[in-house]
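Colleague: Structure: query_39.cif, mmCIF, C-alpha atoms and all ligand atoms.
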data_work
loop_
_atom_site.label_atom_id
_atom_site.label_comp_id
_atom_site.auth_asym_id
_atom_site.auth_seq_id
_atom_site.Cartn_x
_atom_site.Cartn_y
_atom_site.Cartn_z
CA MET X 1012 -52.69 51.78 -26.54
CA ALA X 1013 -55.02 49.52 -28.51
CA LEU X 1014 -56.57 46.57 -26.80
CA LEU X 1015 -56.70 43.65 -29.21
CA LYS X 1016 -59.14 40.85 -28.66
CA HIS X 1017 -59.32 38.03 -31.13
CA THR X 1018 -62.73 36.41 -30.95
CA LYS X 1019 -62.77 32.97 -32.53
CA ASP X 1020 -65.54 33.41 -35.06
CA ARG X 1021 -66.38 37.07 -34.96
CA GLY X 1022 -63.15 38.69 -36.09
CA ASP X 1023 -60.63 41.03 -34.47
CA LEU X 1024 -61.62 43.73 -32.05
CA ARG X 1025 -59.60 46.91 -31.89
CA ILE X 1026 -60.66 48.91 -28.88
CA ARG X 1027 -59.50 52.42 -27.98
CA ASP X 1028 -60.55 54.51 -25.05
CA ASN X 1029 -61.29 57.61 -27.12
CA VAL X 1030 -62.54 58.27 -30.63
CA ASP X 1031 -59.47 60.29 -31.59
CA ASP X 1032 -57.18 57.32 -31.09
CA LEU X 1033 -59.75 55.06 -32.75
CA GLY X 1034 -59.68 57.38 -35.79
CA ILE X 1035 -55.88 57.05 -35.97
CA GLU X 1036 -56.15 53.25 -35.72
CA LEU X 1037 -58.78 53.21 -38.49
CA ALA X 1038 -56.79 55.53 -40.78
CA GLU X 1039 -53.68 53.36 -40.40
CA TYR X 1040 -55.70 50.21 -41.16
CA ILE X 1041 -57.25 51.71 -44.30
CA ALA X 1042 -53.91 53.08 -45.51
CA GLU X 1043 -52.27 49.67 -45.06
CA LEU X 1044 -55.03 47.87 -46.96
CA SER X 1045 -54.89 50.46 -49.72
CA GLU X 1046 -51.13 49.98 -50.10
CA ALA X 1047 -51.42 46.17 -50.14
CA SER X 1048 -54.24 46.23 -52.70
CA VAL X 1049 -52.52 48.66 -55.02
CA LYS X 1050 -49.38 46.52 -54.85
CA GLU X 1051 -51.31 43.33 -55.59
CA ARG X 1052 -54.05 44.46 -57.98
CA GLY X 1053 -53.07 47.96 -59.05
CA VAL X 1054 -56.27 49.46 -57.58
CA PHE X 1055 -58.15 49.76 -54.29
CA ALA X 1056 -61.91 49.11 -54.42
CA ILE X 1057 -63.56 50.41 -51.27
CA ALA X 1058 -67.19 50.80 -50.21
CA LEU X 1059 -68.11 53.47 -47.66
CA SER X 1060 -71.14 53.80 -45.43
CA GLY X 1061 -72.65 56.96 -43.97
CA GLY X 1062 -73.12 58.02 -40.36
CA SER X 1063 -70.47 58.46 -37.70
CA LEU X 1064 -67.89 56.48 -39.70
CA ILE X 1065 -67.13 59.44 -41.95
CA THR X 1066 -66.04 61.73 -39.10
CA LEU X 1067 -63.91 58.94 -37.71
CA MET X 1068 -62.16 58.57 -41.07
CA GLY X 1069 -61.11 62.23 -40.94
CA LYS X 1070 -57.49 61.43 -40.03
CA LEU X 1071 -57.03 60.10 -43.58
CA CYS X 1072 -57.19 63.69 -44.85
CA GLU X 1073 -54.21 64.62 -42.70
CA ALA X 1074 -50.47 63.92 -42.75
CA PRO X 1075 -48.98 61.48 -43.50
CA TYR X 1076 -51.88 59.83 -45.36
CA LYS X 1077 -52.78 62.78 -47.56
CA LYS X 1078 -49.42 62.36 -49.29
CA THR X 1079 -48.61 58.68 -48.79
CA VAL X 1080 -51.89 57.08 -49.93
CA ASP X 1081 -52.20 56.44 -53.68
CA TRP X 1082 -55.57 58.20 -53.98
CA ALA X 1083 -55.66 57.95 -57.78
CA LYS X 1084 -56.00 54.16 -57.45
CA TRP X 1085 -59.11 54.35 -55.25
CA TYR X 1086 -62.50 53.28 -56.69
CA ILE X 1087 -65.24 54.27 -54.28
CA TYR X 1088 -68.73 52.82 -53.86
CA TRP X 1089 -71.32 53.20 -51.12
CA ALA X 1090 -72.49 50.16 -49.16
CA ASP X 1091 -75.78 51.99 -48.76
CA GLU X 1092 -77.34 55.23 -49.86
CA ARG X 1093 -80.43 57.18 -49.11
CA VAL X 1094 -82.62 57.84 -52.17
CA VAL X 1095 -82.41 61.63 -51.99
CA GLY X 1096 -80.67 64.27 -54.09
CA LYS X 1097 -76.88 64.39 -53.94
CA ASN X 1098 -77.09 67.79 -52.24
CA HIS X 1099 -79.62 66.64 -49.66
CA VAL X 1100 -78.52 66.69 -46.04
CA ASP X 1101 -79.41 62.97 -45.73
CA SER X 1102 -77.22 61.88 -48.65
CA ASN X 1103 -74.36 59.56 -47.68
CA TYR X 1104 -72.53 60.74 -50.80
CA LYS X 1105 -72.77 64.37 -49.66
CA LEU X 1106 -71.61 63.45 -46.18
CA ALA X 1107 -68.51 61.69 -47.53
CA LYS X 1108 -67.86 64.33 -50.20
CA ASP X 1109 -68.04 67.27 -47.80
CA GLY X 1110 -66.30 65.60 -44.88
CA LEU X 1111 -63.69 63.55 -46.67
CA LEU X 1112 -63.51 63.14 -50.42
CA SER X 1113 -63.27 66.84 -51.26
CA LYS X 1114 -60.13 66.93 -49.11
CA MET X 1115 -58.45 63.97 -50.82
CA PRO X 1116 -57.06 63.90 -54.38
CA VAL X 1117 -59.40 61.12 -55.51
CA ILE X 1118 -60.35 60.98 -59.20
CA PRO X 1119 -63.95 62.22 -59.63
CA SER X 1120 -64.80 59.51 -62.20
CA HIS X 1121 -63.79 56.86 -59.63
CA LEU X 1122 -66.62 57.97 -57.31
CA HIS X 1123 -69.57 55.67 -57.93
CA SER X 1124 -72.58 57.37 -56.42
CA ILE X 1125 -76.20 56.49 -57.16
CA ASN X 1126 -78.31 58.09 -59.88
CA ASP X 1127 -80.42 60.37 -57.69
CA SER X 1128 -83.04 61.01 -60.38
CA LEU X 1129 -84.39 57.44 -60.22
CA SER X 1130 -86.88 55.68 -57.97
CA ALA X 1131 -85.44 53.50 -55.20
CA GLU X 1132 -86.05 50.34 -57.24
CA ASP X 1133 -84.47 51.72 -60.40
CA ALA X 1134 -81.58 53.30 -58.50
CA ALA X 1135 -80.74 49.90 -56.99
CA SER X 1136 -80.77 48.17 -60.43
CA ASP X 1137 -78.78 50.99 -61.97
CA TYR X 1138 -76.19 50.85 -59.17
CA GLU X 1139 -75.85 47.10 -59.55
CA PHE X 1140 -75.41 47.52 -63.33
CA ASP X 1141 -72.65 50.06 -62.70
CA LEU X 1142 -70.94 47.70 -60.27
CA ARG X 1143 -71.18 44.82 -62.78
CA GLN X 1144 -69.16 46.86 -65.30
CA LEU X 1145 -66.32 47.29 -62.81
CA VAL X 1146 -66.43 43.62 -61.86
CA LYS X 1147 -66.31 42.68 -65.55
CA ALA X 1148 -63.18 44.84 -65.91
CA ARG X 1149 -61.85 43.35 -62.62
CA THR X 1150 -61.42 46.83 -61.16
CA VAL X 1151 -63.51 45.28 -58.43
CA ALA X 1152 -62.36 41.66 -58.00
CA VAL X 1153 -64.76 38.74 -58.11
CA SER X 1154 -65.35 36.23 -55.33
CA GLU X 1155 -63.91 32.73 -55.81
CA VAL X 1156 -67.02 31.14 -54.28
CA SER X 1157 -69.86 33.17 -55.82
CA ASP X 1158 -70.16 35.60 -58.70
CA CYS X 1159 -70.27 38.47 -56.20
CA PRO X 1160 -67.95 41.46 -56.22
CA LYS X 1161 -65.04 41.09 -53.85
CA PHE X 1162 -64.30 44.57 -52.53
CA ASP X 1163 -60.86 45.13 -51.09
CA LEU X 1164 -62.60 46.80 -48.16
CA ILE X 1165 -66.19 47.44 -47.11
CA LEU X 1166 -66.55 49.92 -44.25
CA LEU X 1167 -69.71 49.69 -42.18
CA GLY X 1168 -71.20 51.46 -39.21
CA MET X 1169 -73.72 49.76 -36.92
CA GLY X 1170 -76.81 51.42 -35.47
CA SER X 1171 -77.98 50.87 -31.89
CA ASP X 1172 -80.63 48.51 -33.31
CA GLY X 1173 -77.84 46.48 -34.95
CA HIS X 1174 -78.46 47.62 -38.53
CA VAL X 1175 -75.55 47.74 -40.95
CA ALA X 1176 -75.62 49.55 -44.30
CA SER X 1177 -79.43 49.84 -44.79
CA LEU X 1178 -80.09 46.26 -43.65
CA PHE X 1179 -82.43 46.61 -40.67
CA PRO X 1180 -83.44 43.96 -38.10
CA ASN X 1181 -86.15 41.56 -39.32
CA HIS X 1182 -86.36 43.25 -42.73
CA MET X 1183 -86.84 40.99 -45.76
CA ALA X 1184 -83.88 42.71 -47.47
CA LEU X 1185 -81.72 40.54 -45.18
CA ASP X 1186 -82.93 37.47 -47.09
CA GLU X 1187 -81.92 38.77 -50.52
CA LYS X 1188 -79.58 36.20 -52.05
CA ASP X 1189 -79.61 36.98 -55.78
CA GLU X 1190 -79.29 40.74 -56.12
CA TRP X 1191 -76.07 42.59 -55.30
CA VAL X 1192 -77.93 45.80 -54.54
CA THR X 1193 -81.47 45.95 -53.23
CA PHE X 1194 -83.85 48.73 -52.16
CA ILE X 1195 -86.17 49.45 -49.28
CA THR X 1196 -88.98 51.97 -49.03
CA ASP X 1197 -89.81 51.47 -45.36
CA SER X 1198 -86.63 52.19 -43.43
CA PRO X 1199 -87.39 52.37 -39.68
CA GLU X 1200 -85.07 55.40 -39.63
CA PRO X 1201 -85.59 58.34 -41.95
CA PRO X 1202 -85.34 58.74 -44.85
CA PRO X 1203 -87.55 55.75 -45.76
CA GLU X 1204 -86.19 55.06 -49.25
CA ARG X 1205 -82.72 53.60 -49.47
CA ILE X 1206 -80.59 51.25 -51.52
CA THR X 1207 -78.14 48.84 -49.94
CA PHE X 1208 -75.56 46.20 -50.69
CA THR X 1209 -76.96 42.80 -49.80
CA LEU X 1210 -75.38 40.38 -47.31
CA PRO X 1211 -73.86 38.20 -50.08
CA VAL X 1212 -71.89 41.22 -51.34
CA ILE X 1213 -70.83 42.35 -47.87
CA ASN X 1214 -69.76 38.82 -46.98
CA SER X 1215 -67.77 38.39 -50.21
CA ALA X 1216 -65.37 41.25 -49.43
CA SER X 1217 -61.68 40.64 -48.72
CA ASN X 1218 -61.97 42.88 -45.67
CA VAL X 1219 -64.94 44.20 -43.74
CA ALA X 1220 -64.50 46.74 -40.95
CA VAL X 1221 -67.37 47.73 -38.66
CA VAL X 1222 -67.02 50.93 -36.65
CA VAL X 1223 -69.06 51.10 -33.45
CA THR X 1224 -68.83 53.90 -30.89
CA GLY X 1225 -70.84 55.11 -27.90
CA ALA X 1226 -72.59 53.49 -24.95
CA GLY X 1227 -75.89 53.45 -26.86
CA LYS X 1228 -74.46 50.70 -29.10
CA ALA X 1229 -73.00 48.52 -26.34
CA GLU X 1230 -75.87 46.02 -26.36
CA ALA X 1231 -75.87 45.79 -30.18
CA LEU X 1232 -72.12 45.14 -30.13
CA ARG X 1233 -72.56 42.42 -27.52
CA LEU X 1234 -75.24 40.76 -29.66
CA ALA X 1235 -73.04 41.08 -32.74
CA VAL X 1236 -69.79 39.63 -31.38
CA ASP X 1237 -70.16 37.80 -28.06
CA ASP X 1238 -71.22 34.21 -27.47
CA VAL X 1239 -74.81 35.08 -26.63
CA GLU X 1240 -77.79 33.15 -25.30
CA PRO X 1241 -79.34 30.92 -28.05
CA ASP X 1242 -82.64 32.84 -27.94
CA SER X 1243 -80.95 36.23 -28.46
CA PRO X 1244 -82.08 38.23 -31.49
CA VAL X 1245 -79.85 37.74 -34.53
CA ILE X 1246 -79.19 41.34 -35.49
CA PRO X 1247 -77.82 42.33 -38.93
CA GLY X 1248 -74.41 43.13 -37.37
CA ARG X 1249 -74.12 39.48 -36.43
CA MET X 1250 -74.86 38.40 -40.00
CA VAL X 1251 -71.72 40.18 -41.19
CA ASP X 1252 -69.42 37.20 -41.60
CA PRO X 1253 -67.07 37.36 -44.60
CA THR X 1254 -66.71 33.90 -46.18
CA ASN X 1255 -63.08 34.23 -47.23
CA GLY X 1256 -62.34 37.67 -45.85
CA LYS X 1257 -61.22 39.30 -42.65
CA LEU X 1258 -63.58 41.03 -40.23
CA VAL X 1259 -62.35 43.78 -37.88
CA TRP X 1260 -64.40 45.75 -35.34
CA PHE X 1261 -63.21 49.27 -34.47
CA VAL X 1262 -64.74 50.08 -31.12
CA ASP X 1263 -64.43 52.61 -28.30
CA THR X 1264 -64.56 51.59 -24.65
CA ALA X 1265 -68.12 52.89 -24.24
CA ALA X 1266 -69.41 50.57 -26.96
CA ALA X 1267 -67.27 47.70 -25.63
CA SER X 1268 -68.58 48.08 -22.08
CA LYS X 1269 -71.02 45.15 -22.25
CA LEU X 1270 -68.65 42.65 -23.85
CA GLU X 1271 -67.93 39.59 -21.80
CA GLY X 1272 -64.69 40.01 -19.86
CA PHE X 1273 -64.28 43.64 -20.82
CA GLN X 1274 -65.01 45.11 -17.36
CA PHE X 1275 -61.95 43.35 -15.99
CA ALA X 1276 -59.69 44.10 -18.93
CA ASP X 1277 -56.46 46.03 -18.78
CA LEU X 1278 -56.39 48.36 -21.79
CA ASP X 1279 -52.82 47.34 -22.57
CA GLN X 1280 -53.45 43.61 -22.45
CA PRO X 1281 -55.55 41.29 -24.61
CA PHE X 1282 -58.56 39.89 -22.77
CA ALA X 1283 -60.03 36.46 -23.18
O1 LIG X 1301 -78.55 54.91 -41.57
C1 LIG X 1301 -77.38 54.62 -41.52
O2 LIG X 1301 -76.84 54.24 -40.33
C2 LIG X 1301 -75.65 53.46 -40.25
C3 LIG X 1301 -75.07 53.65 -38.85
O3 LIG X 1301 -74.82 55.05 -38.65
P1 LIG X 1301 -74.16 55.60 -37.31
O4 LIG X 1301 -74.22 57.10 -37.43
O5 LIG X 1301 -74.95 55.08 -36.17
O6 LIG X 1301 -72.74 55.11 -37.30
C4 LIG X 1301 -74.69 53.85 -41.36
O7 LIG X 1301 -73.55 53.01 -41.34
C5 LIG X 1301 -75.42 53.77 -42.69
O8 LIG X 1301 -74.56 54.02 -43.77
C6 LIG X 1301 -76.50 54.81 -42.69
O9 LIG X 1301 -77.20 54.88 -43.91
#
Let me see whether you can do it: turn the structure in this file into structure tokens.
Ligand SMILES: O=C1O[C@H](COP(=O)(O)O)[C@@H](O)[C@H](O)[C@H]1O
Modeller:
Amino acid sequence: MALLKHTKDRGDLRIRDNVDDLGIELAEYIAELSEASVKERGVFAIALSGGSLITLMGKLCEAPYKKTVDWAKWYIYWADERVVGKNHVDSNYKLAKDGLLSKMPVIPSHLHSINDSLSAEDAASDYEFDLRQLVKARTVAVSEVSDCPKFDLILLGMGSDGHVASLFPNHMALDEKDEWVTFITDSPEPPPERITFTLPVINSASNVAVVVTGAGKAEALRLAVDDVEPDSPVIPGRMVDPTNGKLVWFVDTAAASKLEGFQFADLDQPFA
């Protein structure tokens, strides 16, 4: 049974006591958004991340979703990518392709991966250029409040340091306001060279889901969603705050363990 907590400013929390059930919850959520988007706009523009998220999305490759989801309408981007070859073990594209996309009937030309022959700086510009073409054609919608792309769904993971996409704590990439896609060459976690959607793009999406599992991320989750002490560090996860969109956190009980009120919660009842 899911435990639903609605936090006033920080979105919905969907908590499950094991990752299998969390995967089912996530697959259902994605399938519903895909159906609604295809009905409304004729397409579903989604951005993936790397990391543990991809394994958790595995249920989408199974029944009923394999047959019920309109895969041909999916246009897929990456919220961040490591600047390595597409066959490199660190590539987020490879992770998603091997673990997910090769098992779904998506259209290969709808997969928008980075040009892996370019430098980090050029790969970021090239990726933004590619995205601009799809925004121009309205395959990816445009935000009403900025000129940013408005993805139907951006899926993020969050590291134990609170990073989302490749936006790391205290990094100047967090301040980028003009570019849609930026690059870093000094990632605190390997590999050092990455490109990433900027906060304005993430926060322009119609829906943003952040998947957080494991006790090692409990403190980061607390800092990202709870009402914390004023001198607490403002981690990137806390800066995810869609302007006109909906934010949902998919969390297991281990990651939720430090949330205020959670210790006393009944898994079948909402907690305050
Ligand atoms: O480096 C990255 O880490 C985050 C979080 O990964 P996780 O395995 O801790 O869930 C991931 O979302 C991002 O795409 C990736 O490049």
Colleague: What box, with edges along x, y and z, holds each listed atom of ligand LIG 1301 (chain X) when 8 Å is added on every side, and can you state its centre and edge lengths in Å to one decimal, as lines of an AutoDock Vina configuration file?
Modeller:
center_x = -75.6
center_y = 55.1
center_z = -40.0
size_x = 21.8
size_y = 20.1
size_z = 23.7
Colleague: Residues within 9 Å of ligand LIG 1301 (chain X) should be enumerated using all atoms listed in the file and returned as a ChimeraX atom specification.
Modeller: /X:1059-1065,1089-1093,1101-1103,1166-1171,1173-1178,1198,1200-1202,1205,1207,1221-1224,1228
Colleague: So that each row is one residue of segment 1077-1144 of chain X with an atom at most 12 Å from segment 1036-1041 of chain X, can you give its shortest atom pair and the distance in Å to one decimal, using all atoms listed in the file, rows by chain and rising number, as CSV?
Modeller:
residue,atom,partner,partner_atom,distance
X:Lys1077,CA,X:Ala1038,CA,10.7
X:Thr1079,CA,X:Glu1039,CA,11.2
X:Val1080,CA,X:Ile1041,CA,9.4
X:Asp1081,CA,X:Ile1041,CA,11.7
X:Trp1082,CA,X:Ile1041,CA,11.8
X:Trp1085,CA,X:Ile1041,CA,11.4
Colleague: In Å, with one decimal, what is the gap from atom CA of Asn1214 of chain X to atom CA of Gly1256 of chain X?
Modeller: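 Interatomic distance here is 7.6 Å.
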Colleague: Can you tell me how far atom CA of Val1239 of chain X sits from atom CA of Leu1270 of chain X, in Å to one decimal?
Modeller: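 Atom CA of Leu1270 of chain X lies 10.1 Å from atom CA of Val1239 of chain X.
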Colleague: Between X:Ala1042, X:Val1156, X:Leu1210, X:Val1030, which is the closest to Asn1255 of chain X once you count all atoms listed in the file?
Modeller: X:Val1156
Colleague: Calculated over all atoms listed in the file, which of the candidates X:Asn1218, X:Thr1150, X:Thr1196, X:Ser1113 has the smallest distance to Tyr1086 of chain X?
Modeller: X:Thr1150
Colleague: Which one is closest to His1182 of chain X: X:Pro1199, X:Gly1110, X:Gly1034, X:Pro1119? Count only C-alpha atoms.
Modeller: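 Among X:Pro1199, X:Gly1110, X:Gly1034, X:Pro1119, it is X:Pro1199 that comes nearest to His1182 of chain X.
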Colleague: Using Å and a single decimal, report how far atom CA of Ala1131 of chain X sits from atom CA of Val1117 of chain X.
Modeller: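 We find that atom CA of Val1117 of chain X and atom CA of Ala1131 of chain X lie 27.1 Å from each other.
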Colleague: With a distance cut-off of 10 Å and only C-alpha atoms, select the neighbouring residues of Ala1229 of chain X, excluding the residue or stretch itself and same-chain residues fewer than 5 positions from it, and output the selection as a compact mmCIF listing (two decimals) with C-alpha atoms, in the frame of the given file.
Modeller:
# COMPACT_ATOMS: atom_id res chain seq x y z
CA SER X 1171 -77.98 50.87 -31.89
CA VAL X 1223 -69.06 51.10 -33.45
CA THR X 1224 -68.83 53.90 -30.89
CA LEU X 1234 -75.24 40.76 -29.66
CA ALA X 1235 -73.04 41.08 -32.74
CA VAL X 1262 -64.74 50.08 -31.12
CA ASP X 1263 -64.43 52.61 -28.30
CA THR X 1264 -64.56 51.59 -24.65
CA ALA X 1265 -68.12 52.89 -24.24
CA ALA X 1266 -69.41 50.57 -26.96
CA ALA X 1267 -67.27 47.70 -25.63
CA SER X 1268 -68.58 48.08 -22.08
CA LYS X 1269 -71.02 45.15 -22.25
CA LEU X 1270 -68.65 42.65 -23.85
Colleague: Which is closer to Pro1211 of chain X than all the others in X:Val1259, X:Asp1158, X:Asn1181, X:Asp1020, using all atoms listed in the file?
Modeller: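 Looking at the shortest contact to Pro1211 of chain X, the residue is X:Asp1158.
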Colleague: Fix up segment 1175-1185 of chain X with all heavy atoms, then write it as a PDB file, keeping the file's coordinate frame.
Modeller:
ATOM      1  N   VAL X1175     -76.778  47.403 -40.220  1.00  0.00           N
ATOM      2  CA  VAL X1175     -75.550  47.740 -40.950  1.00  0.00           C
ATOM      3  C   VAL X1175     -75.964  48.086 -42.375  1.00  0.00           C
ATOM      4  O   VAL X1175     -76.944  47.544 -42.885  1.00  0.00           O
ATOM      5  CB  VAL X1175     -74.533  46.571 -40.968  1.00  0.00           C
ATOM      6  CG1 VAL X1175     -73.962  46.312 -39.598  1.00  0.00           C
ATOM      7  CG2 VAL X1175     -75.154  45.304 -41.549  1.00  0.00           C
ATOM      8  N   ALA X1176     -75.196  48.989 -43.019  1.00  0.00           N
ATOM      9  CA  ALA X1176     -75.620  49.550 -44.300  1.00  0.00           C
ATOM     10  C   ALA X1176     -77.088  49.966 -44.134  1.00  0.00           C
ATOM     11  O   ALA X1176     -77.437  50.589 -43.129  1.00  0.00           O
ATOM     12  CB  ALA X1176     -75.388  48.563 -45.434  1.00  0.00           C
ATOM     13  N   SER X1177     -78.003  49.580 -45.062  1.00  0.00           N
ATOM     14  CA  SER X1177     -79.430  49.840 -44.790  1.00  0.00           C
ATOM     15  C   SER X1177     -80.157  48.502 -44.657  1.00  0.00           C
ATOM     16  O   SER X1177     -81.265  48.302 -45.161  1.00  0.00           O
ATOM     17  CB  SER X1177     -80.060  50.739 -45.855  1.00  0.00           C
ATOM     18  OG  SER X1177     -79.706  52.093 -45.599  1.00  0.00           O
ATOM     19  N   LEU X1178     -79.511  47.564 -43.964  1.00  0.00           N
ATOM     20  CA  LEU X1178     -80.090  46.260 -43.650  1.00  0.00           C
ATOM     21  C   LEU X1178     -80.544  46.305 -42.190  1.00  0.00           C
ATOM     22  O   LEU X1178     -79.703  46.292 -41.277  1.00  0.00           O
ATOM     23  CB  LEU X1178     -79.063  45.158 -43.871  1.00  0.00           C
ATOM     24  CG  LEU X1178     -78.590  45.011 -45.325  1.00  0.00           C
ATOM     25  CD1 LEU X1178     -77.346  44.132 -45.416  1.00  0.00           C
ATOM     26  CD2 LEU X1178     -79.723  44.453 -46.206  1.00  0.00           C
ATOM     27  N   PHE X1179     -81.852  46.403 -42.011  1.00  0.00           N
ATOM     28  CA  PHE X1179     -82.430  46.610 -40.670  1.00  0.00           C
ATOM     29  C   PHE X1179     -82.935  45.289 -40.095  1.00  0.00           C
ATOM     30  O   PHE X1179     -83.280  44.357 -40.846  1.00  0.00           O
ATOM     31  CB  PHE X1179     -83.571  47.632 -40.751  1.00  0.00           C
ATOM     32  CG  PHE X1179     -83.068  49.032 -40.985  1.00  0.00           C
ATOM     33  CD1 PHE X1179     -82.862  49.502 -42.266  1.00  0.00           C
ATOM     34  CD2 PHE X1179     -82.764  49.868 -39.915  1.00  0.00           C
ATOM     35  CE1 PHE X1179     -82.366  50.791 -42.493  1.00  0.00           C
ATOM     36  CE2 PHE X1179     -82.265  51.147 -40.120  1.00  0.00           C
ATOM     37  CZ  PHE X1179     -82.069  51.611 -41.416  1.00  0.00           C
ATOM     38  N   PRO X1180     -82.988  45.205 -38.745  1.00  0.00           N
ATOM     39  CA  PRO X1180     -83.440  43.960 -38.100  1.00  0.00           C
ATOM     40  C   PRO X1180     -84.799  43.507 -38.637  1.00  0.00           C
ATOM     41  O   PRO X1180     -85.706  44.330 -38.820  1.00  0.00           O
ATOM     42  CB  PRO X1180     -83.558  44.346 -36.625  1.00  0.00           C
ATOM     43  CG  PRO X1180     -82.630  45.490 -36.454  1.00  0.00           C
ATOM     44  CD  PRO X1180     -82.632  46.236 -37.754  1.00  0.00           C
ATOM     45  N   ASN X1181     -84.906  42.219 -38.890  1.00  0.00           N
ATOM     46  CA  ASN X1181     -86.150  41.560 -39.320  1.00  0.00           C
ATOM     47  C   ASN X1181     -86.666  42.033 -40.687  1.00  0.00           C
ATOM     48  O   ASN X1181     -87.797  41.726 -41.039  1.00  0.00           O
ATOM     49  CB  ASN X1181     -87.264  41.754 -38.293  1.00  0.00           C
ATOM     50  CG  ASN X1181     -86.836  41.275 -36.927  1.00  0.00           C
ATOM     51  OD1 ASN X1181     -86.241  40.197 -36.816  1.00  0.00           O
ATOM     52  ND2 ASN X1181     -87.088  42.061 -35.887  1.00  0.00           N
ATOM     53  N   HIS X1182     -85.883  42.770 -41.416  1.00  0.00           N
ATOM     54  CA  HIS X1182     -86.360  43.250 -42.730  1.00  0.00           C
ATOM     55  C   HIS X1182     -86.082  42.180 -43.788  1.00  0.00           C
ATOM     56  O   HIS X1182     -85.056  41.497 -43.749  1.00  0.00           O
ATOM     57  CB  HIS X1182     -85.653  44.545 -43.103  1.00  0.00           C
ATOM     58  CG  HIS X1182     -86.359  45.292 -44.191  1.00  0.00           C
ATOM     59  ND1 HIS X1182     -86.298  44.900 -45.514  1.00  0.00           N
ATOM     60  CD2 HIS X1182     -87.144  46.385 -44.156  1.00  0.00           C
ATOM     61  CE1 HIS X1182     -87.020  45.733 -46.240  1.00  0.00           C
ATOM     62  NE2 HIS X1182     -87.548  46.655 -45.442  1.00  0.00           N
ATOM     63  N   MET X1183     -87.009  42.057 -44.759  1.00  0.00           N
ATOM     64  CA  MET X1183     -86.840  40.990 -45.760  1.00  0.00           C
ATOM     65  C   MET X1183     -85.623  41.225 -46.660  1.00  0.00           C
ATOM     66  O   MET X1183     -85.140  40.284 -47.310  1.00  0.00           O
ATOM     67  CB  MET X1183     -88.108  40.786 -46.579  1.00  0.00           C
ATOM     68  CG  MET X1183     -88.524  41.937 -47.411  1.00  0.00           C
ATOM     69  SD  MET X1183     -90.109  41.538 -48.151  1.00  0.00           S
ATOM     70  CE  MET X1183     -90.301  42.892 -49.284  1.00  0.00           C
ATOM     71  N   ALA X1184     -85.097  42.454 -46.676  1.00  0.00           N
ATOM     72  CA  ALA X1184     -83.880  42.710 -47.470  1.00  0.00           C
ATOM     73  C   ALA X1184     -82.718  41.834 -46.977  1.00  0.00           C
ATOM     74  O   ALA X1184     -81.787  41.540 -47.735  1.00  0.00           O
ATOM     75  CB  ALA X1184     -83.495  44.179 -47.400  1.00  0.00           C
ATOM     76  N   LEU X1185     -82.777  41.403 -45.730  1.00  0.00           N
ATOM     77  CA  LEU X1185     -81.720  40.540 -45.180  1.00  0.00           C
ATOM     78  C   LEU X1185     -81.691  39.180 -45.866  1.00  0.00           C
ATOM     79  O   LEU X1185     -80.676  38.487 -45.825  1.00  0.00           O
ATOM     80  CB  LEU X1185     -81.942  40.331 -43.672  1.00  0.00           C
ATOM     81  CG  LEU X1185     -81.675  41.532 -42.771  1.00  0.00           C
ATOM     82  CD1 LEU X1185     -82.269  41.294 -41.385  1.00  0.00           C
ATOM     83  CD2 LEU X1185     -80.186  41.808 -42.678  1.00  0.00           C
TER      84      LEU X1185
END
